[in-house]
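Below is one structure, written out as structure tokens; comments come after it.
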Protein chains: 2
Amino acid sequence: MKLSFSKTELLKGINIVLKAVSSKTTLPILKCILIDAQEDNIKLFANDMELAITTVVEGNILEKGSIALEARIFSEIARRLPEGDISIETNERMTATIKCGKSVFSIPGQDPSEFPPVPDIEKEVHLGMSQFTLKEMIRQTIFSLNINENNKLMTGELFEIKNNALRMVALDGHRIAIRKIFLAGKYEDKKVIVPGKTLGEVGKILSDNLEDQLNVYFSNNHILFEFDDTCVYSRLIEGDYFHVDNMLGGDPQTKINLNKKDFYSSLERSELLIKEGENKPIILEATDGIMDMKINTALGSMHEDIPIEKEGNDIRIGFNPKFIIDALKVIDDEEINIYMINQKAPCFIKNEDETYLYLILPVNIL
Amino acid sequence: MKLSFSKTELLKGINIVLKAVSSKTTLPILKCILIDAQEDNIKLFANDMELAITTVVEGNILEKGSIALEARIFSEIARRLPEGDISIETNERMTATIKCGKSVFSIPGQDPSEFPPVPDIEKEVHLGMSQFTLKEMIRQTIFSLNINENNKLMTGELFEIKNNALRMVALDGHRIAIRKIFLAGKYEDKKVIVPGKTLGEVGKILSDNLEDQLNVYFSNNHILFEFDDTCVYSRLIEGDYFHVDNMLGGDPQTKINLNKKDFYSSLERSELLIKEGENKPIILEATDGIMDMKINTALGSMHEDIPIEKEGNDIRIGFNPKFIIDALKVIDDEEINIYMINQKAPCFIKNEDETYLYLILPVNIL
């Protein structure tokens, strides 16, 4: 095999597939990036058996072939080489010679035939949307799940297509985050659970440009995100997702409208008084026109108030400030509405048409 | 006590003294910043018993007094408060109330009389120089010492005033870094060893402006750096420093002149092939006009060459690339001179008047 590319193109490709390189595996081949130039284009592959990514790199094929190279060293070499054209050449002992300017590296390669193939997905059931929209939906929900959770279902997000809308749901034991968009085309109803790790990595690769399109394909066990020259394959999480709609009931007795930034700064300050692992609530007390915020911990106490617009009952309720902060961080609106039922029921931060909804459980206070 | 200041002024002061707050101590008072407004100005103090810093903060004293506040929480509160005027007021139970806008924090204070006093230094033997010059001299030497070293003498730098020049020396078992400046005034000869930790912290506080002056005072056991509104006190390291001049001898048989940036990039690339903890040399082979660089490790091999100007013998010599990289990083010259004696003797990277000199031991090669 003999290939040449610009440093920029090669690095772009490496950075995309690196996200599916396994760091924990004991299987050496899974620590590799496969370079495949057996056909008419140059493709990079990485596959950690949960997540697989392939992308096309622009370059010249001087001699067809393929090789698997240890990802860490290969990516570091590509990064540190001088700007310019990089060539990669392999010999029959599977040693790769990487040249750029006067710099010549030789590193051992591995047998490309050992590299696990990507899952086979029939490109039938699919969904078309803007890359940026999906990127935003991921950012606005993913913080509510816990990829280290024992309950597998909580480590992924629900992707639900229903009535021509896509809804993404993430939850842990304390909160739920929901984002919904209305789809342009007509789609069959569909419900899958996508691993949080996959979404985290996909979110990093997707473009910030609303014009750039993306296709999503589903099989029984896999999901495929296809965009630009890149395909991201991921296993799905099996099981019956939580019945989220049952958790969203209740009749709000209080509606509070307030400035997000002021509320956010106060909450952030209140967090200073909470030691790691401690579970001290900030107590919100909403009356007409004003909301008092108080926290009292071993480290000290804080007291602030901010102007609000309130409809319905006065309320006094406690929250872990972190959970409200997390939601406020991803809401773009300057003014937000908070709906509360009573001191012991969850509150909802949501907009009118519920394209976003954050449910947060309160903390018991006296 | 009741004080008021702008957030900017208070934060500036806190950030300076924070560097002398102990993080490891079990003594609660050493985790504090002392605010002292018993006289006509507001002073902040921190003291970890090795290093003590005091600085003056501009502000208004509405009621004289003093208080010690836990540094971490106090600094975090100051940082997160909205922009504006901050007031601090204490009561007889030593609780401090920190107010800014609508935000009110109360945190417990500690008895200021428990706070350790700063060392008493007679301001006689002193040295005047530009803050920036000292900052640079620290940066250009400090990397060669190891503050975790068992040999106490290697954890500090030699400050040597001799023949109206100041020389700073840092060394570990593999290398020596020396910076020298000629002093404007007349000074008595003096030799002290200043802890590396002190120099690291002083370097962070010193200004980048050549015009800003600094005075250094010495006592038998302490050194005092006085600049702007800040005083940094530090214990000295006791003992007889290494006889550095004896290590600088030998008659160079080879002098190499080369472009620092090219050499640096090559060395940096060669490091990629060295696993953490591994001790593989880069082998330099200098002949007329060209220097070959080769490295061969379990991860692979690299080969590059760069143009040089060589005087004297050809040479083949091995180095740990890290040690050369560290020196090149802090040399401002674009072209550097390397002097070598033979394959087993240290090399010297230095300029004509030896205002900088870096000695590096070679690695044995065949």
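The chains in the structure tokens are called A, B, ... from first to last as shown; in each chain the residues are counted from 1, and the ligands are counted from 1 in the order shown.
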
Using only C-alpha atoms, find each residue in chain B having at least one atom no more than 9 Å away from chain A; report its shortest atom-to-atom pair and that distance in Å (one decimal), rows by chain then rising number, as JSON lines.
```
{"residue": "B:Ile73", "atom": "CA", "partner": "A:Leu272", "partner_atom": "CA", "distance": 7.0}
{"residue": "B:Glu76", "atom": "CA", "partner": "A:Leu272", "partner_atom": "CA", "distance": 7.0}
{"residue": "B:Ile77", "atom": "CA", "partner": "A:Arg269", "partner_atom": "CA", "distance": 7.0}
{"residue": "B:Arg80", "atom": "CA", "partner": "A:Arg269", "partner_atom": "CA", "distance": 6.0}
{"residue": "B:Leu81", "atom": "CA", "partner": "A:Arg269", "partner_atom": "CA", "distance": 7.2}
{"residue": "B:Pro82", "atom": "CA", "partner": "A:Ser265", "partner_atom": "CA", "distance": 8.2}
{"residue": "B:Lys102", "atom": "CA", "partner": "A:Glu304", "partner_atom": "CA", "distance": 5.5}
{"residue": "B:Ser103", "atom": "CA", "partner": "A:Glu304", "partner_atom": "CA", "distance": 4.8}
{"residue": "B:Val104", "atom": "CA", "partner": "A:His303", "partner_atom": "CA", "distance": 5.2}
{"residue": "B:Phe105", "atom": "CA", "partner": "A:Met302", "partner_atom": "CA", "distance": 4.4}
{"residue": "B:Ser106", "atom": "CA", "partner": "A:Ser301", "partner_atom": "CA", "distance": 5.1}
{"residue": "B:Ile107", "atom": "CA", "partner": "A:Gly300", "partner_atom": "CA", "distance": 4.3}
{"residue": "B:Pro108", "atom": "CA", "partner": "A:Gly300", "partner_atom": "CA", "distance": 6.5}
{"residue": "B:Ser265", "atom": "CA", "partner": "A:Arg80", "partner_atom": "CA", "distance": 7.9}
{"residue": "B:Ser266", "atom": "CA", "partner": "A:Ser103", "partner_atom": "CA", "distance": 7.9}
{"residue": "B:Glu268", "atom": "CA", "partner": "A:Arg80", "partner_atom": "CA", "distance": 7.8}
{"residue": "B:Arg269", "atom": "CA", "partner": "A:Arg80", "partner_atom": "CA", "distance": 6.0}
{"residue": "B:Leu272", "atom": "CA", "partner": "A:Glu76", "partner_atom": "CA", "distance": 6.9}
{"residue": "B:Leu273", "atom": "CA", "partner": "A:Ile73", "partner_atom": "CA", "distance": 7.6}
{"residue": "B:Leu299", "atom": "CA", "partner": "A:Ile107", "partner_atom": "CA", "distance": 6.4}
{"residue": "B:Gly300", "atom": "CA", "partner": "A:Ile107", "partner_atom": "CA", "distance": 4.3}
{"residue": "B:Ser301", "atom": "CA", "partner": "A:Ser106", "partner_atom": "CA", "distance": 5.1}
{"residue": "B:Met302", "atom": "CA", "partner": "A:Phe105", "partner_atom": "CA", "distance": 4.3}
{"residue": "B:His303", "atom": "CA", "partner": "A:Val104", "partner_atom": "CA", "distance": 5.2}
{"residue": "B:Glu304", "atom": "CA", "partner": "A:Ser103", "partner_atom": "CA", "distance": 4.8}
{"residue": "B:Asp305", "atom": "CA", "partner": "A:Lys102", "partner_atom": "CA", "distance": 6.6}
{"residue": "B:Ile306", "atom": "CA", "partner": "A:Lys102", "partner_atom": "CA", "distance": 8.1}
```

Keeping only C-alpha atoms, write the selected residues as a tab-separated table (two decimals), in the first residue's frame.
```
chain	number	residue	atom	x	y	z
B	73	ILE	CA	-14.42	29.34	50.20
B	76	GLU	CA	-14.55	31.24	45.47
B	77	ILE	CA	-17.20	33.56	46.86
B	80	ARG	CA	-18.47	34.31	41.81
B	81	LEU	CA	-20.03	37.49	43.22
B	82	PRO	CA	-21.45	39.87	40.63
B	102	LYS	CA	-28.44	41.42	46.56
B	103	SER	CA	-26.15	38.58	47.49
B	104	VAL	CA	-25.36	38.01	51.15
B	105	PHE	CA	-22.96	35.30	52.33
B	106	SER	CA	-22.18	34.46	55.94
B	107	ILE	CA	-19.16	32.30	56.66
B	108	PRO	CA	-17.45	31.45	59.94
B	265	SER	CA	10.41	20.03	16.29
B	266	SER	CA	12.52	16.96	15.47
B	268	GLU	CA	9.55	16.64	19.97
B	269	ARG	CA	8.60	14.13	17.28
B	272	LEU	CA	6.49	10.17	20.56
B	273	LEU	CA	8.33	6.89	20.29
B	299	LEU	CA	7.13	1.57	19.30
B	300	GLY	CA	9.01	2.20	16.05
B	301	SER	CA	11.82	4.25	14.63
B	302	MET	CA	12.39	7.78	13.39
B	303	HIS	CA	15.04	9.29	11.19
B	304	GLU	CA	15.51	12.97	10.32
B	305	ASP	CA	18.37	15.29	9.46
B	306	ILE	CA	18.83	19.03	9.77
```

Practice item. Write down as an MDAnalysis selection string the residues belonging to stretch 17-193 of chain A that are assigned alpha helix (DSSP H) by DSSP computed on the backbone. Key: chainID A and resid 17 71:80 131:139

Check your understanding: Which residues, written as a PyMOL selection string, have at least one atom at most 7 Å from stretch 339-352 of chain B, with only C-alpha atoms counted and residues fewer than 4 positions away on the same chain left out?
Key -> chain B and resi 250-256+316-317+356-362+364

Exercise for review: Give the answer as one residue: which of B:Gly239, B:Met49, B:Lys31, B:Thr141 has the shortest atom-to-atom distance to B:Ala327, using only C-alpha atoms?
Suggested key: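 Once distances to B:Ala327 are computed over only C-alpha atoms, the minimum belongs to B:Thr141.
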
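If you look at atom CA of B:Thr155 and atom CA of B:Leu34, they are 28.5 Å away from each other.
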
Exercise for review: Apply DSSP to the backbone of this structure and, from stretch 49-215 of chain A, keep only the residues in strand (DSSP E or B); write these as a VMD selection string.
Suggested key: chain A and resid 51 to 57 60 to 63 65 to 70 85 to 90 95 to 100 103 to 110 126 to 130 156 to 162 165 to 171 175 to 182 190 to 195 213 to 215

Study note, to complete from the structure: Using only C-alpha atoms, the residue out of B:Ile86, B:Ile161, B:Val202, B:Ile365 with shortest distance to B:Phe218 is B:Ile161

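Near B:Lys180, within 9 Å and counting only C-alpha atoms, sit Met137, Ala165, Leu166, Arg167, Met168, Val169, Glu354, Thr355, Tyr356 and Leu357 of chain B, not including residues fewer than 3 positions from it in the same chain.
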
Check your understanding: Using only C-alpha atoms, which residues sit within 12 Å of B:Asn163 once same-chain residues fewer than 4 positions away are excluded, as number ranges by chain?
Key -> B: 167, 180-190

Point to revise | Close residues, B:Val232 itself excluded, 9 Å, only C-alpha atoms, min 6 positions apart in chain, as a ChimeraX atom specification | key: /B:17,20,51-55,198,202,223-226

Residues just named, written with C-alpha atoms as a PDB file, in the first residue's frame:
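The resulting result_2.pdb:
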```
ATOM      1  CA  VAL B  17      -1.735  35.586  48.568  1.00  0.00           C
ATOM      2  CA  ALA B  20       1.037  30.775  50.071  1.00  0.00           C
ATOM      3  CA  LEU B  51       6.341  30.739  52.255  1.00  0.00           C
ATOM      4  CA  ALA B  52       4.425  33.816  53.423  1.00  0.00           C
ATOM      5  CA  ILE B  53       2.841  36.462  51.228  1.00  0.00           C
ATOM      6  CA  THR B  54       1.279  39.752  52.178  1.00  0.00           C
ATOM      7  CA  THR B  55      -0.289  42.295  49.871  1.00  0.00           C
ATOM      8  CA  THR B 198       9.017  29.758  46.361  1.00  0.00           C
ATOM      9  CA  VAL B 202       7.089  34.309  42.862  1.00  0.00           C
ATOM     10  CA  ILE B 223      14.691  35.817  51.694  1.00  0.00           C
ATOM     11  CA  LEU B 224      12.181  38.588  51.044  1.00  0.00           C
ATOM     12  CA  PHE B 225      10.962  39.656  47.608  1.00  0.00           C
ATOM     13  CA  GLU B 226       9.346  43.080  47.804  1.00  0.00           C
TER      14      GLU B 226
END
```

Exercise for review: Would you list the contacts of stretch 121-128 of chain A as a count of residues only, taking every protein, DNA or RNA residue within 8 Å and counting only C-alpha atoms, but skipping same-chain residues closer than 4 positions in sequence?
Suggested key: 10

Practice item. Would you please work out which residue, of A:Phe242, A:Asp212, A:Val192, A:Glu63, is nearest to A:Gly173 when using only C-alpha atoms? Key: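 Nearest to A:Gly173: A:Phe242.
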